[in-house]
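Note sheet for the following structure.
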Amino acid sequence: MKQTKKIKAPLLTKITRSNLEEQVRQQTDELKIRSGQLKQGVDRERLGADREKLAEEKFRQQTDELKIRSGQLKQGVDRERLGADREKQGADREKLGADREKLAEEQIHIRTKAMEFTLDGIFIIDAKKPNFPIIYANPSFHSLTGYTKNEVIGKNYFNLYGSNTDLRVVEEIKQSMRQEKSFHGEMLNFRKNGKKFWSSLRIAPVRDTNGAVTHYVGIQTDTTLMKQRNLEIEEQREDLLHVTRVGKLAEFVSSLAHEISQPLTAILSYAQAAQRMFAGREPQLQEILQYIINDDQRATEVIRRLRLLLKKSKPTFEPLDINVLINETVMLIMTHITVRKKVIKFELDSKLPFIHCDRIQLQQVLLNLISNSLEAMDESSDSCELLIRTLRKDTDTIMVEVKDSGCGIPAENMKKLFAHFFTSKIDGLGMGLSISRSIVEAHGGRLEAKNNPDRGATFYFTIPVNRKNAPTDL
Amino acid sequence: MLSEKKKIYIVDDDESVCRALKTLLMTFDFEVKTFNSAKSFFDAVPNDEPGCLVLDIHMPGLDGWATQKKIIDSGSKRSVIFISAEKQDNAADRALKVGAVGFLQKPVDGQTLVDLINVASKNTNDTIVHLKK
């Protein structure tokens, strides 16, 4: 009913003075028809049942309210009609009044009970008194804060915060209250015994019929567990990123070392060849050649030490469920995926056997493939679906596929994809896929890529099933 | 005189490494031929042609390990010395395990390489003698 009123009210403003009354009547009829409780042409006097009369009364009130709102109708007309109706319904109204009272009592009782039983802390602040005292707090609020009823009621709400509470947040709350606005935020709180807890806090002003703020109602929820879980995820992500960074650096140094060792090999060989060619002759040339050889060996030593410094930690192999690992990894970058407005789908074969692998290393591979796919889909907004599939390729091998609907791989890049330092990204190092491939190969598998027939690319890798240890020399 | 020179084949995808090692080994009086890939080596040198192979491990196409396997599988008794610029902890062990004479980390010292080549040719002779028995 209220909704109808809201919809209809603006229409009234369009109505001209002269036919206003007629319009209002039409409005009223419309309301009646809409409610389905009254039909046109039915005599009002024939409505006997209480319910119908009640409805009638509501319509009357509704109509009256509409009329009053419009402010265009003379009260005389109203009163005349109201008077007549009231006479007819006098007795019913009495009964209705009693029913309503009973109903209202029940409502209040249920609402009070609900507030007592809810697991969220609820408190009410009197906004009319200068020190903003708490006038009500439910049991959950007491157990949450550790303060008893006596310690809470009548006290200024802000005094309940421990002295270590973030003052900026407290100031923010005060600010909202001064501006008679609602507040929503998360903050670190302290129980009476000093124990920390994270809470999500919502405070909203309660207004009287004139719109003046009389109270504030606050709801406080303990989010410590949720926060802890988020922190754990954050920590895991940091760990993985660190490992990835160190891995990249190690791989970078190893590749660099390789590239430098080749010319050093040539230089040493030439110098030694020249030494032999001029053996017993040209002492000055011999001396120079020896210096070349010494410095070549010095450079070799620098590389050797660098390699030692960034020696990759030995992988630890443990039996793992690849599906679980995929879920854990995706959780680490879920926000990343959501922010980019991408959708990730799974087709995981639940009957896969465990594989022996290094958790962190394999997570690194998955993370690399997923973030590559996300980047490939960044260009166009209509490509947004990422599919991760696990399947049993044959009895001895499981396969993991990361399929995107992005830009795909240009034919000329296909061969170089897994090479060190090859990248198609502006800020890429060109290490990700080459590291991923060497990890998969260390697990006895293969990492490959192909373009999908429709759009995007699929990276897929295999891992053998019955393998206790990967060959250490790969 | 020329026919008495020991033959050495160098397979390395790095052109300058090939050239430099060739220059160096020639000062030790070896007859040296270089190849930039295992394929070009197999194409040019018959299995029964004598000569020690100095083989790089990391190469596109057939890598060192695969090349060595192919040699063994073909029944050839050719001596192989692995060389690599990549740091590989147990490459030396693995090299011996797969039937090679040894492994040398780049940059390779000339004398060390020659010593190993000499061991290789001695081994080959021993093997032949052993087989004849």
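Residue names in the structure tokens use chain letters A, B, ... in the order shown, residue numbers from 1 in each chain, and ligand numbers from 1 in the order shown.
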For this session: Show which residues sit within 8 Å of A:Ser405, as a list in words. Count only C-alpha atoms, and ignore same-chain residues fewer than 3 positions away.
Result: Met377, Ser383, Cys384, Glu385, Leu386, Gly408, Arg455, Gly456 and Ala457 of chain A
Problem set entry | Interface list for chain A, partner chain B, 10 Å threshold, only C-alpha atoms, as a PyMOL selection string | chain A and resi 254-277+293+296-297+300+303-304+307-308+472-474
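Counting only C-alpha atoms and comparing B:Cys52, B:Met59, B:Val11, B:Leu116, the residue that lies closest to B:Asn36 is B:Val11.
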For this session: Identify, with DSSP run on backbone atoms, the residues in stretch 158-334 of chain A assigned to alpha helix (DSSP H), and express the list as an MDAnalysis selection string.
Result: chainID A and resid 167:178 224:277 283:309 322:332 334
Write the selection just made, keeping C-alpha atoms, as a tab-separated table (two decimals), in the first residue's frame?
```tsv
chain	number	residue	atom	x	y	z
A	167	LEU	CA	42.20	7.59	16.73
A	168	ARG	CA	41.64	8.42	13.09
A	169	VAL	CA	38.78	5.95	12.92
A	170	VAL	CA	37.31	7.25	16.18
A	171	GLU	CA	37.53	10.78	14.81
A	172	GLU	CA	35.84	9.59	11.63
A	173	ILE	CA	32.97	8.19	13.67
A	174	LYS	CA	32.63	11.42	15.65
A	175	GLN	CA	32.69	13.37	12.42
A	176	SER	CA	29.87	11.25	10.97
A	177	MET	CA	27.86	11.81	14.12
A	178	ARG	CA	28.40	15.55	14.05
A	224	THR	CA	38.82	-11.18	13.71
A	225	LEU	CA	38.62	-14.64	12.17
A	226	MET	CA	37.85	-13.30	8.73
A	227	LYS	CA	40.64	-10.78	9.05
A	228	GLN	CA	43.07	-13.48	10.14
A	229	ARG	CA	42.15	-15.61	7.15
A	230	ASN	CA	42.68	-12.63	4.86
A	231	LEU	CA	46.03	-11.91	6.45
A	232	GLU	CA	47.04	-15.53	6.02
A	233	ILE	CA	46.13	-15.39	2.35
A	234	GLU	CA	48.05	-12.14	2.04
A	235	GLU	CA	51.08	-13.70	3.71
A	236	GLN	CA	50.94	-16.73	1.46
A	237	ARG	CA	50.74	-14.46	-1.54
A	238	GLU	CA	53.72	-12.47	-0.33
A	239	ASP	CA	55.72	-15.66	0.24
A	240	LEU	CA	54.93	-16.90	-3.20
A	241	LEU	CA	55.77	-13.57	-4.77
A	242	HIS	CA	59.05	-13.54	-2.91
A	243	VAL	CA	59.89	-17.04	-4.04
A	244	THR	CA	58.91	-16.06	-7.55
A	245	ARG	CA	61.10	-12.97	-7.43
A	246	VAL	CA	64.07	-14.88	-6.07
A	247	GLY	CA	63.41	-17.61	-8.61
A	248	LYS	CA	63.34	-15.07	-11.39
A	249	LEU	CA	66.56	-13.50	-10.19
A	250	ALA	CA	68.25	-16.88	-9.91
A	251	GLU	CA	67.07	-17.84	-13.36
A	252	PHE	CA	68.17	-14.45	-14.65
A	253	VAL	CA	71.64	-14.80	-13.18
A	254	SER	CA	71.92	-18.36	-14.43
A	255	SER	CA	70.99	-17.28	-17.95
A	256	LEU	CA	73.31	-14.31	-17.77
A	257	ALA	CA	76.10	-16.54	-16.51
A	258	HIS	CA	75.55	-18.87	-19.41
A	259	GLU	CA	75.59	-16.07	-21.96
A	260	ILE	CA	78.81	-14.60	-20.52
A	261	SER	CA	80.52	-17.97	-20.13
A	262	GLN	CA	80.39	-18.57	-23.87
A	263	PRO	CA	82.56	-15.57	-24.90
A	264	LEU	CA	84.78	-16.21	-21.86
A	265	THR	CA	85.34	-19.71	-23.18
A	266	ALA	CA	86.30	-18.33	-26.57
A	267	ILE	CA	88.61	-15.68	-25.09
A	268	LEU	CA	90.39	-18.22	-22.89
A	269	SER	CA	90.79	-20.66	-25.74
A	270	TYR	CA	92.18	-18.01	-28.11
A	271	ALA	CA	94.61	-16.75	-25.47
A	272	GLN	CA	95.81	-20.26	-24.65
A	273	ALA	CA	96.13	-21.06	-28.35
A	274	ALA	CA	98.21	-17.90	-28.90
A	275	GLN	CA	100.38	-18.79	-25.90
A	276	ARG	CA	101.15	-22.15	-27.42
A	277	MET	CA	101.71	-20.68	-30.88
A	283	PRO	CA	108.03	-12.76	-23.83
A	284	GLN	CA	106.05	-9.47	-23.78
A	285	LEU	CA	103.22	-11.02	-25.81
A	286	GLN	CA	103.31	-14.08	-23.52
A	287	GLU	CA	102.90	-11.79	-20.52
A	288	ILE	CA	99.91	-10.03	-22.09
A	289	LEU	CA	98.32	-13.36	-23.00
A	290	GLN	CA	98.78	-14.52	-19.41
A	291	TYR	CA	96.99	-11.37	-18.18
A	292	ILE	CA	94.11	-12.10	-20.54
A	293	ILE	CA	93.91	-15.63	-19.20
A	294	ASN	CA	94.05	-14.45	-15.57
A	295	ASP	CA	91.31	-11.87	-16.07
A	296	ASP	CA	89.20	-14.40	-17.93
A	297	GLN	CA	89.51	-16.69	-14.94
A	298	ARG	CA	88.67	-13.81	-12.59
A	299	ALA	CA	85.43	-13.17	-14.49
A	300	THR	CA	84.67	-16.88	-14.37
A	301	GLU	CA	85.15	-16.84	-10.62
A	302	VAL	CA	82.71	-13.90	-10.24
A	303	ILE	CA	80.10	-15.86	-12.15
A	304	ARG	CA	80.75	-18.97	-10.08
A	305	ARG	CA	80.19	-17.01	-6.86
A	306	LEU	CA	77.06	-15.36	-8.20
A	307	ARG	CA	75.67	-18.74	-9.10
A	308	LEU	CA	76.43	-20.04	-5.64
A	309	LEU	CA	74.76	-17.06	-4.04
A	322	ILE	CA	46.53	-31.00	-7.94
A	323	ASN	CA	42.91	-29.78	-7.68
A	324	VAL	CA	43.46	-28.56	-4.13
A	325	LEU	CA	46.65	-26.83	-5.21
A	326	ILE	CA	44.80	-25.10	-8.06
A	327	ASN	CA	42.09	-23.89	-5.69
A	328	GLU	CA	44.67	-22.57	-3.23
A	329	THR	CA	46.55	-20.78	-5.97
A	330	VAL	CA	43.46	-19.19	-7.46
A	331	MET	CA	42.45	-17.97	-4.01
A	332	LEU	CA	45.74	-16.08	-3.86
A	334	MET	CA	41.12	-13.96	-6.70
```
For this session: Name the residues of stretch 159-195 of chain A that fall into strand (DSSP E or B) according to DSSP on the backbone, using the chain letters and numbers of this document, as a PyMOL selection string.
Result: chain A and resi 183-190
Would you mind exporting the chosen residues as a PDB file, in the first residue's frame, restricted to N, CA and C atoms?
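Contents of out.pdb, as written:
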```
ATOM      1  N   PHE A 183      27.843   5.765   9.644  1.00  0.00           N
ATOM      2  CA  PHE A 183      29.259   5.394   9.544  1.00  0.00           C
ATOM      3  C   PHE A 183      29.384   3.903   9.317  1.00  0.00           C
ATOM      4  N   HIS A 184      30.322   3.532   8.448  1.00  0.00           N
ATOM      5  CA  HIS A 184      30.618   2.106   8.294  1.00  0.00           C
ATOM      6  C   HIS A 184      32.116   1.939   8.134  1.00  0.00           C
ATOM      7  N   GLY A 185      32.675   1.109   8.970  1.00  0.00           N
ATOM      8  CA  GLY A 185      34.116   0.917   8.854  1.00  0.00           C
ATOM      9  C   GLY A 185      34.593  -0.298   9.621  1.00  0.00           C
ATOM     10  N   GLU A 186      35.856  -0.611   9.419  1.00  0.00           N
ATOM     11  CA  GLU A 186      36.444  -1.732  10.130  1.00  0.00           C
ATOM     12  C   GLU A 186      37.571  -1.186  10.999  1.00  0.00           C
ATOM     13  N   MET A 187      37.636  -1.652  12.221  1.00  0.00           N
ATOM     14  CA  MET A 187      38.681  -1.125  13.095  1.00  0.00           C
ATOM     15  C   MET A 187      39.160  -2.167  14.100  1.00  0.00           C
ATOM     16  N   LEU A 188      40.367  -1.909  14.579  1.00  0.00           N
ATOM     17  CA  LEU A 188      40.921  -2.777  15.603  1.00  0.00           C
ATOM     18  C   LEU A 188      40.426  -2.266  16.955  1.00  0.00           C
ATOM     19  N   ASN A 189      39.714  -3.126  17.680  1.00  0.00           N
ATOM     20  CA  ASN A 189      39.188  -2.745  18.991  1.00  0.00           C
ATOM     21  C   ASN A 189      39.902  -3.507  20.109  1.00  0.00           C
ATOM     22  N   PHE A 190      39.625  -3.064  21.306  1.00  0.00           N
ATOM     23  CA  PHE A 190      40.219  -3.719  22.468  1.00  0.00           C
ATOM     24  C   PHE A 190      39.129  -4.043  23.476  1.00  0.00           C
TER      25      PHE A 190
END
```
Exercise. For B:Ile8, which residue out of B:Ile57, B:Leu113, B:Ala100, B:Ala95 is the nearest one, using only C-alpha atoms?
Worked result: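 Nearest to B:Ile8: B:Leu113.
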Seminar exercise, completed: Taken to one decimal, the atom CA of A:Ile398-atom CA of A:Gly444 distance is 11.5 Å
